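Structure file my_file-v7.txt (compact mmCIF, C-alpha atoms) is printed below.
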# COMPACT_ATOMS: atom_id res chain seq x y z
CA MET X 28 0.00 0.00 0.00
CA THR X 29 1.32 3.43 -0.92
CA PRO X 30 1.88 6.09 1.77
CA GLU X 31 -0.87 8.15 0.13
CA MET X 32 -3.37 5.30 0.49
CA ARG X 33 -2.38 4.71 4.11
CA ASP X 34 -2.79 8.40 4.88
CA ARG X 35 -6.16 8.46 3.16
CA LEU X 36 -7.29 5.65 5.46
CA SER X 37 -6.47 7.61 8.63
CA PRO X 38 -10.19 8.07 9.56
CA PHE X 39 -10.55 4.29 9.50
CA ARG X 40 -7.48 3.80 11.66
CA ALA X 41 -8.58 6.41 14.18
CA LYS X 42 -12.08 4.96 14.57
CA ALA X 43 -10.84 1.37 14.84
CA ILE X 44 -8.33 2.22 17.57
CA ALA X 45 -10.90 4.38 19.38
CA GLN X 46 -13.15 1.31 19.51
CA GLY X 47 -10.45 -0.66 21.29
CA ILE X 48 -9.20 -2.75 18.37
CA PRO X 49 -5.46 -3.40 18.94
CA ALA X 50 -3.18 -1.34 16.72
CA ASP X 51 -1.46 -4.45 15.34
CA ASP X 52 -4.81 -5.84 14.16
CA VAL X 53 -5.68 -2.51 12.56
CA GLU X 54 -2.36 -2.28 10.72
CA ARG X 55 -2.63 -5.85 9.41
CA TRP X 56 -6.08 -4.99 8.08
CA LEU X 57 -4.77 -1.82 6.47
CA ASP X 58 -2.12 -3.90 4.71
CA THR X 59 -4.93 -5.57 2.75
CA ALA X 60 -6.03 -2.25 1.17
CA ARG X 61 -6.24 -2.20 -2.62
CA PRO X 62 -6.67 0.64 -5.11
CA CYS X 63 -9.78 0.70 -7.24
CA ALA X 64 -11.47 3.02 -9.73
CA THR X 65 -14.97 4.24 -9.00
CA LEU X 66 -16.97 5.17 -12.09
CA ALA X 67 -19.95 7.49 -11.84
CA GLN X 68 -21.93 9.77 -14.11
CA GLU X 69 -21.26 12.75 -11.86
CA GLY X 70 -18.06 14.23 -10.46
CA ASP X 71 -15.05 16.04 -11.85
CA GLY X 72 -12.86 13.08 -12.76
CA PRO X 73 -11.82 12.27 -16.32
CA VAL X 74 -14.36 10.73 -18.68
CA VAL X 75 -13.27 7.11 -19.12
CA GLY X 76 -16.28 5.52 -20.78
CA ARG X 77 -20.03 5.40 -20.78
CA PHE X 78 -23.05 3.39 -19.80
CA GLY X 79 -24.79 2.26 -22.97
CA GLY X 80 -24.16 4.08 -26.22
CA PRO X 81 -23.45 2.39 -29.55
CA LEU X 82 -22.18 -1.19 -29.31
CA MET X 83 -18.90 -1.20 -31.26
CA LEU X 84 -17.26 -4.60 -31.84
CA PRO X 85 -14.91 -6.20 -34.36
CA ALA X 86 -16.74 -7.93 -37.20
CA ASP X 87 -15.49 -11.37 -36.12
CA THR X 88 -16.59 -11.02 -32.48
CA PRO X 89 -19.64 -13.22 -31.77
CA ALA X 90 -22.84 -11.46 -30.76
CA PRO X 91 -22.81 -11.14 -26.95
CA PHE X 92 -25.33 -13.35 -25.14
CA TYR X 93 -26.04 -10.74 -22.46
CA PRO X 94 -27.20 -7.10 -22.65
CA PHE X 95 -24.63 -4.34 -23.09
CA VAL X 96 -23.85 -2.44 -19.86
CA ALA X 97 -20.82 -0.21 -20.36
CA SER X 98 -17.68 0.52 -22.35
CA ILE X 99 -14.44 1.64 -20.65
CA ASP X 100 -11.52 3.31 -22.39
CA LEU X 101 -8.59 1.73 -20.58
CA ALA X 102 -6.14 4.38 -21.77
CA ALA X 103 -8.25 7.02 -20.03
CA LEU X 104 -8.19 5.36 -16.61
CA PRO X 105 -5.97 7.31 -14.18
CA ASP X 106 -2.51 5.86 -13.66
CA ASP X 107 -2.39 3.23 -10.90
CA ALA X 108 -6.15 3.49 -10.40
CA THR X 109 -6.18 -0.27 -9.81
CA ASP X 110 -3.63 -2.98 -9.12
CA LEU X 111 -5.02 -5.13 -11.95
CA PRO X 112 -2.78 -5.97 -14.93
CA LEU X 113 -5.20 -4.30 -17.33
CA PRO X 114 -4.11 -3.54 -20.90
CA PRO X 115 -2.79 0.04 -21.20
CA ASP X 116 -5.24 0.89 -23.96
CA GLY X 117 -8.19 -0.44 -25.91
CA HIS X 118 -11.75 -0.77 -24.65
CA LEU X 119 -13.26 -3.10 -22.08
CA LEU X 120 -16.94 -3.84 -22.73
CA LEU X 121 -19.13 -5.28 -19.97
CA PHE X 122 -22.34 -7.25 -20.49
CA ALA X 123 -24.76 -8.66 -17.92
CA PHE X 124 -28.34 -9.32 -16.95
CA PRO X 125 -29.02 -8.43 -13.28
CA GLN X 126 -30.74 -11.64 -12.24
CA ASP X 127 -29.48 -14.98 -10.93
CA ASP X 128 -30.89 -17.95 -12.81
CA GLY X 129 -29.97 -20.29 -9.93
CA ASP X 130 -28.08 -22.77 -12.13
CA PHE X 131 -24.44 -21.80 -11.52
CA ALA X 132 -24.41 -20.13 -14.95
CA THR X 133 -22.51 -16.97 -15.71
CA MET X 134 -24.87 -14.01 -16.01
CA GLY X 135 -22.49 -11.76 -17.89
CA GLU X 136 -19.37 -11.50 -19.99
CA ALA X 137 -16.54 -9.13 -20.86
CA VAL X 138 -15.07 -8.30 -24.24
CA TYR X 139 -11.72 -6.59 -24.80
CA VAL X 140 -11.25 -4.63 -28.02
CA PRO X 141 -7.56 -3.77 -28.54
CA ALA X 142 -6.63 -0.27 -29.67
CA GLY X 143 -6.50 0.12 -33.43
CA VAL X 144 -8.73 -2.86 -34.22
CA ALA X 145 -11.47 -2.06 -36.72
CA VAL X 146 -14.95 -2.12 -35.23
CA GLU X 147 -18.51 -1.83 -36.50
CA GLU X 148 -21.75 -0.87 -34.81
CA ARG X 149 -23.73 -3.92 -33.74
CA ASP X 150 -27.35 -4.46 -32.81
CA LYS X 151 -27.67 -3.91 -29.04
CA ASP X 152 -30.97 -5.80 -29.04
CA SER X 153 -29.52 -9.13 -30.15
CA TRP X 154 -29.07 -10.48 -26.62
CA ALA X 155 -30.64 -13.80 -25.73
CA TRP X 156 -33.93 -12.86 -24.03
CA PHE X 157 -34.82 -9.70 -25.92
CA GLU X 158 -38.21 -11.10 -26.96
CA ILE X 159 -39.32 -11.46 -23.31
CA GLU X 160 -41.10 -8.21 -22.47
CA GLU X 161 -40.31 -8.29 -18.74
CA TYR X 162 -36.60 -8.71 -19.42
CA ARG X 163 -36.64 -6.10 -22.17
CA GLU X 164 -38.15 -3.53 -19.80
CA ILE X 165 -35.36 -4.18 -17.30
CA VAL X 166 -32.66 -3.66 -19.92
CA GLU X 167 -34.38 -0.52 -21.22
CA ALA X 168 -33.96 0.87 -17.69
CA PHE X 169 -30.16 0.38 -17.75
CA PRO X 170 -28.32 3.67 -17.10
CA ARG X 171 -27.07 5.71 -20.03
CA GLY X 172 -24.42 8.41 -20.25
CA GLN X 173 -20.74 9.16 -19.75
CA LEU X 174 -18.72 7.74 -16.88
CA ARG X 175 -16.10 9.66 -14.91
CA ALA X 176 -13.40 7.91 -12.90
CA THR X 177 -12.18 8.62 -9.39
CA PRO X 178 -9.19 6.72 -7.95
CA ASN X 179 -10.18 5.22 -4.61
CA VAL X 180 -9.00 2.83 -1.95
CA SER X 181 -10.79 -0.38 -1.03
CA LEU X 182 -10.79 -2.54 2.10
CA PRO X 183 -12.62 -5.86 2.54
CA TYR X 184 -16.34 -5.72 3.23
CA HIS X 185 -16.34 -9.43 4.10
CA TYR X 186 -14.97 -10.81 7.33
CA ALA X 187 -15.45 -14.59 7.43
CA VAL X 188 -14.58 -17.84 5.69
CA GLU X 189 -16.72 -20.96 5.68
CA ILE X 190 -15.52 -24.08 7.47
CA PRO X 191 -15.69 -27.08 5.10
CA GLU X 192 -18.35 -29.62 6.11
CA HIS X 193 -19.51 -27.46 9.00
CA PRO X 194 -22.51 -25.09 9.06
CA TYR X 195 -20.57 -22.12 10.41
CA SER X 196 -17.77 -19.71 9.58
CA GLU X 197 -14.78 -18.17 11.32
CA PRO X 198 -12.88 -14.86 11.06
CA LEU X 199 -10.60 -14.30 8.10
CA PRO X 200 -7.29 -16.09 8.66
CA GLY X 201 -4.80 -13.80 10.38
CA HIS X 202 -7.49 -11.29 11.33
CA PRO X 203 -9.24 -12.30 14.57
CA ARG X 204 -11.04 -8.92 14.72
CA SER X 205 -12.14 -9.04 11.08
CA GLU X 206 -15.87 -8.59 11.75
CA GLU X 207 -15.25 -5.46 13.80
CA LEU X 208 -12.80 -4.12 11.23
CA ALA X 209 -15.20 -4.71 8.34
CA GLN X 210 -17.85 -2.80 10.28
CA VAL X 211 -15.46 0.11 10.85
CA TRP X 212 -14.84 0.22 7.11
CA GLU X 213 -18.59 0.28 6.50
CA ASP X 214 -18.88 3.17 8.99
CA THR X 215 -16.01 5.25 7.61
CA ARG X 216 -15.97 4.43 3.91
CA ASP X 217 -18.05 7.45 2.88
CA ASP X 218 -15.49 9.73 4.56
CA ILE X 219 -12.66 8.11 2.63
CA ALA X 220 -13.88 7.05 -0.80
CA THR X 221 -16.47 8.27 -3.26
CA TRP X 222 -19.35 6.08 -4.39
CA GLY X 223 -20.28 5.14 -7.93
CA PRO X 224 -22.42 2.43 -9.51
CA LEU X 225 -19.46 0.82 -11.30
CA GLN X 226 -16.16 -0.17 -9.67
CA ILE X 227 -13.06 -1.54 -11.39
CA GLY X 228 -10.77 -3.65 -9.19
CA GLY X 229 -10.66 -3.57 -5.40
CA TYR X 230 -12.93 -5.66 -3.17
CA ALA X 231 -16.40 -6.88 -4.03
CA SER X 232 -19.42 -5.78 -2.05
CA GLU X 233 -23.13 -6.52 -2.03
CA GLU X 234 -26.22 -5.73 0.01
CA ALA X 235 -25.63 -8.40 2.67
CA VAL X 236 -22.06 -9.64 2.88
CA HIS X 237 -19.98 -11.59 5.37
CA LEU X 238 -18.23 -13.99 2.97
CA ASP X 239 -16.12 -12.79 0.05
CA PRO X 240 -18.42 -12.40 -2.99
CA VAL X 241 -15.48 -13.36 -5.21
CA GLU X 242 -15.36 -16.73 -3.46
CA GLY X 243 -19.00 -17.28 -4.43
CA VAL X 244 -18.26 -16.45 -8.07
CA VAL X 245 -15.33 -18.87 -8.10
CA TRP X 246 -17.51 -21.65 -6.69
CA CYS X 247 -20.10 -21.08 -9.43
CA ALA X 248 -17.41 -20.96 -12.14
CA VAL X 249 -15.97 -24.29 -11.01
CA LYS X 250 -19.45 -25.88 -10.96
CA ALA X 251 -20.21 -24.51 -14.43
CA ALA X 252 -16.90 -25.80 -15.76
CA GLU X 253 -17.43 -29.24 -14.23
CA ALA X 254 -20.81 -29.42 -15.95
CA GLY X 255 -19.21 -28.44 -19.25
CA HIS X 256 -21.20 -25.22 -19.48
CA TRP X 257 -18.30 -22.79 -19.25
CA GLY X 258 -14.53 -22.59 -19.51
CA GLY X 259 -13.99 -24.31 -22.84
CA GLY X 260 -12.35 -27.31 -21.18
CA ALA X 261 -9.41 -25.23 -19.90
CA VAL X 262 -8.27 -25.34 -16.28
CA VAL X 263 -10.55 -23.49 -13.87
CA SER X 264 -8.99 -22.97 -10.46
CA GLY X 265 -11.07 -23.39 -7.33
CA ALA X 266 -8.64 -21.31 -5.27
CA VAL X 267 -10.06 -17.83 -4.65
CA GLU X 268 -6.55 -16.34 -4.52
CA ASP X 269 -6.17 -17.22 -8.22
CA TRP X 270 -9.00 -14.83 -9.12
CA VAL X 271 -9.56 -11.08 -8.96
CA LEU X 272 -12.57 -8.82 -9.12
CA LEU X 273 -12.66 -7.19 -12.54
CA ALA X 274 -15.75 -5.07 -11.92
CA ASP X 275 -18.77 -4.58 -9.63
CA TRP X 276 -21.98 -2.93 -10.83
CA ASP X 277 -24.96 -1.68 -8.84
CA PRO X 278 -27.65 -1.27 -11.55
CA CYS X 279 -29.84 1.08 -9.46
CA ILE X 280 -32.89 -0.12 -11.41
CA GLU X 281 -36.43 0.01 -10.08
CA GLY X 282 -37.45 -3.53 -9.28
CA ARG X 283 -33.81 -4.63 -8.96
CA GLU X 284 -32.98 -2.62 -5.84
CA GLY X 285 -30.03 -4.12 -4.02
CA ALA X 286 -28.80 -6.15 -6.97
CA THR X 287 -25.04 -6.34 -7.61
CA VAL X 288 -23.24 -7.84 -10.59
CA HIS X 289 -19.74 -9.21 -9.99
CA TRP X 290 -17.39 -9.83 -12.95
CA VAL X 291 -14.45 -12.01 -11.84
CA ILE X 292 -11.51 -13.39 -13.80
CA GLN X 293 -8.54 -15.65 -13.09
CA ARG X 294 -5.33 -13.69 -12.64
CA GLU X 295 -3.51 -15.59 -15.37
CA ASP X 296 -6.38 -15.06 -17.80
CA LEU X 297 -6.38 -11.33 -17.10
CA ALA X 298 -2.61 -11.12 -17.62
CA ALA X 299 -3.01 -13.01 -20.92
CA ARG X 300 -5.98 -10.78 -21.91
CA ARG X 301 -8.34 -13.75 -22.14
CA PHE X 302 -11.34 -11.67 -21.17
CA ASP X 303 -13.67 -14.27 -22.68
CA ARG X 304 -12.95 -16.27 -19.51
CA THR X 305 -14.61 -13.70 -17.27
CA PHE X 306 -17.37 -15.18 -15.10
CA ALA X 307 -20.20 -13.07 -13.69
CA THR X 308 -22.73 -13.66 -10.93
CA VAL X 309 -25.58 -11.57 -9.58
CA PHE X 310 -26.49 -11.07 -5.94
CA TRP X 311 -30.08 -10.03 -5.55
CA ASN X 312 -32.42 -10.51 -2.61
CA PRO X 313 -35.86 -9.64 -4.05
Since I need it in another form, could you write the structure as structure tokens?
Amino acid sequence: MTPEMRDRLSPFRAKAIAQGIPADDVERWLDTARPCATLAQEGDGPVVGRFGGPLMLPADTPAPFYPFVASIDLAALPDDATDLPLPPDGHLLLFAFPQDDGDFATMGEAVYVPAGVAVEERDKDSWAWFEIEEYREIVEAFPRGQLRATPNVSLPYHYAVEIPEHPYSEPLPGHPRSEELAQVWEDTRDDIATWGPLQIGGYASEEAVHLDPVEGVVWCAVKAAEAGHWGGGAVVSGAVEDWVLLADWDPCIEGREGATVHWVIQREDLAARRFDRTFATVFWNP
């Protein structure tokens, strides 16, 4: 963590110590901090992309299965906004439908378009369930407009790990006060970081969280791969440390209040720019 990030987290540190959490526990928790980019339609940060807009893809790219959410100009992201090995330029396109089908299936995808590659405008209404009126109304409510980026800092929102074959969980390894520390982050986050509906990198969050949402995505990806529904037969790791959060999206859609889309990718796939191996899940408690 950079000195600037540690200084930015001083309100968190002060509140945690004031609550009686030992300084060593606080500092270990601060060591987990990660940079992230918060994307919002308001603010004074640089324009780095947009929700919606024309869907521009190379001619040989298959029609996406899921609705178009956003396009991000990676060259426009502020330097060191995340710790992800993202390409330095080109566009990252995100697709998703904000509903869980309950069958371990991915509910979204990501497409990377390298800089300089010829693109053409594609039909945004070619996604799988366009003919279903209820689904079409949801997608028509997706946000539209430019996105501005703000570099932020992220701490874990989750604080527990499940115990295999037992119906309970325990604090994060190495962090016996993790539940208290996660609550302090919840209490102080608005004083430290700005909010936006789309986040690149950092830690995943959702409406009700005590386990790492990324761990849930990994579990679904492994199940989907075992069933032959995803992964193309390539190795899919079940170790959460082999994956990173690519993006989180809070749709802020009427009727989908509290929904969160998580796009997650294996570290080696991200480094190799195999964005087609991004897996997405949706948390929604209707």
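Note that atom CA of Pro112 of chain X and atom CA of Gly255 of chain X are 28.2 Å apart.
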| said: List as a VMD selection string the residues having at least one atom at most 12 Å from position (-1.1, 3.2, 5.0) as given in the file, counting only C-alpha atoms. | reply: chain X and resid 28 to 40 53 to 62 180 to 182
| field | Minimum-distance residue to Met134 of chain X, chosen among X:Phe122, X:Tyr186, X:Tyr162, X:Phe157 (using all atoms listed in the file) | value | X:Phe122
| query | Which residues, written as a list in words, have at least one atom at most 8 Å from Ala102 of chain X, with only C-alpha atoms counted and residues fewer than 5 positions away on the same chain left out? | reply | Pro115, Asp116 and Gly117 of chain X
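Excluding Ala252 of chain X itself and any same-chain residue fewer than 5 positions from it, the protein and nucleic acid residues within 12 Å of it, counting all atoms listed in the file, are Phe131, Ala132, Thr133, Val245, Trp246, Cys247, Trp257, Gly258, Gly259, Gly260, Ala261, Val262, Val263, Ser264, Gly265, Arg304 and Phe306 of chain X.
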Which centre and which edge lengths, in Å to one decimal, describe the axis-aligned box that holds all listed atoms of segment 243-249 of chain X after 4 Å is added on each side, as AutoDock Vina command-line options?
--center_x -17.7 --center_y -20.4 --center_z -8.3 --size_x 12.8 --size_y 15.8 --size_z 15.7
| query | Skipping near chain neighbours, those fewer than 3 positions away, what residues fall within 7 Å of Tyr139 of chain X using only C-alpha atoms, listed as a ChimeraX atom specification? | reply | /X:118-120,302
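Put simply, atom CA of Val75 of chain X is 24.5 Å away from atom CA of Trp270 of chain X.
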| message | Set the distance at 12 Å and use all atoms listed in the file: which residues neighbour Pro313 of chain X once local chain neighbours fewer than 5 positions away are removed? I'd like the list as a list in words. | response | Pro125, Gln126, Asp127, Glu234, Glu281, Gly282, Arg283, Glu284, Gly285, Ala286 and Thr287 of chain X
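For the pair atom CA of Arg204 of chain X and atom CA of Asp218 of chain X, the interatomic distance is 21.7 Å.
For Thr221 of chain X, the set of protein, DNA and RNA residues having any atom at most 12 Å away, when counting all atoms listed in the file and skipping those fewer than 2 positions along the same chain, is Cys63, Ala64, Thr65, Leu66, Ala67, Glu69, Gly70, Asp71, Gly72, Arg175, Ala176, Thr177, Pro178, Asn179, Val180, Ser181, Thr215, Arg216, Asp217, Asp218, Ile219, Gly223, Pro224, Leu225 and Gln226 of chain X.
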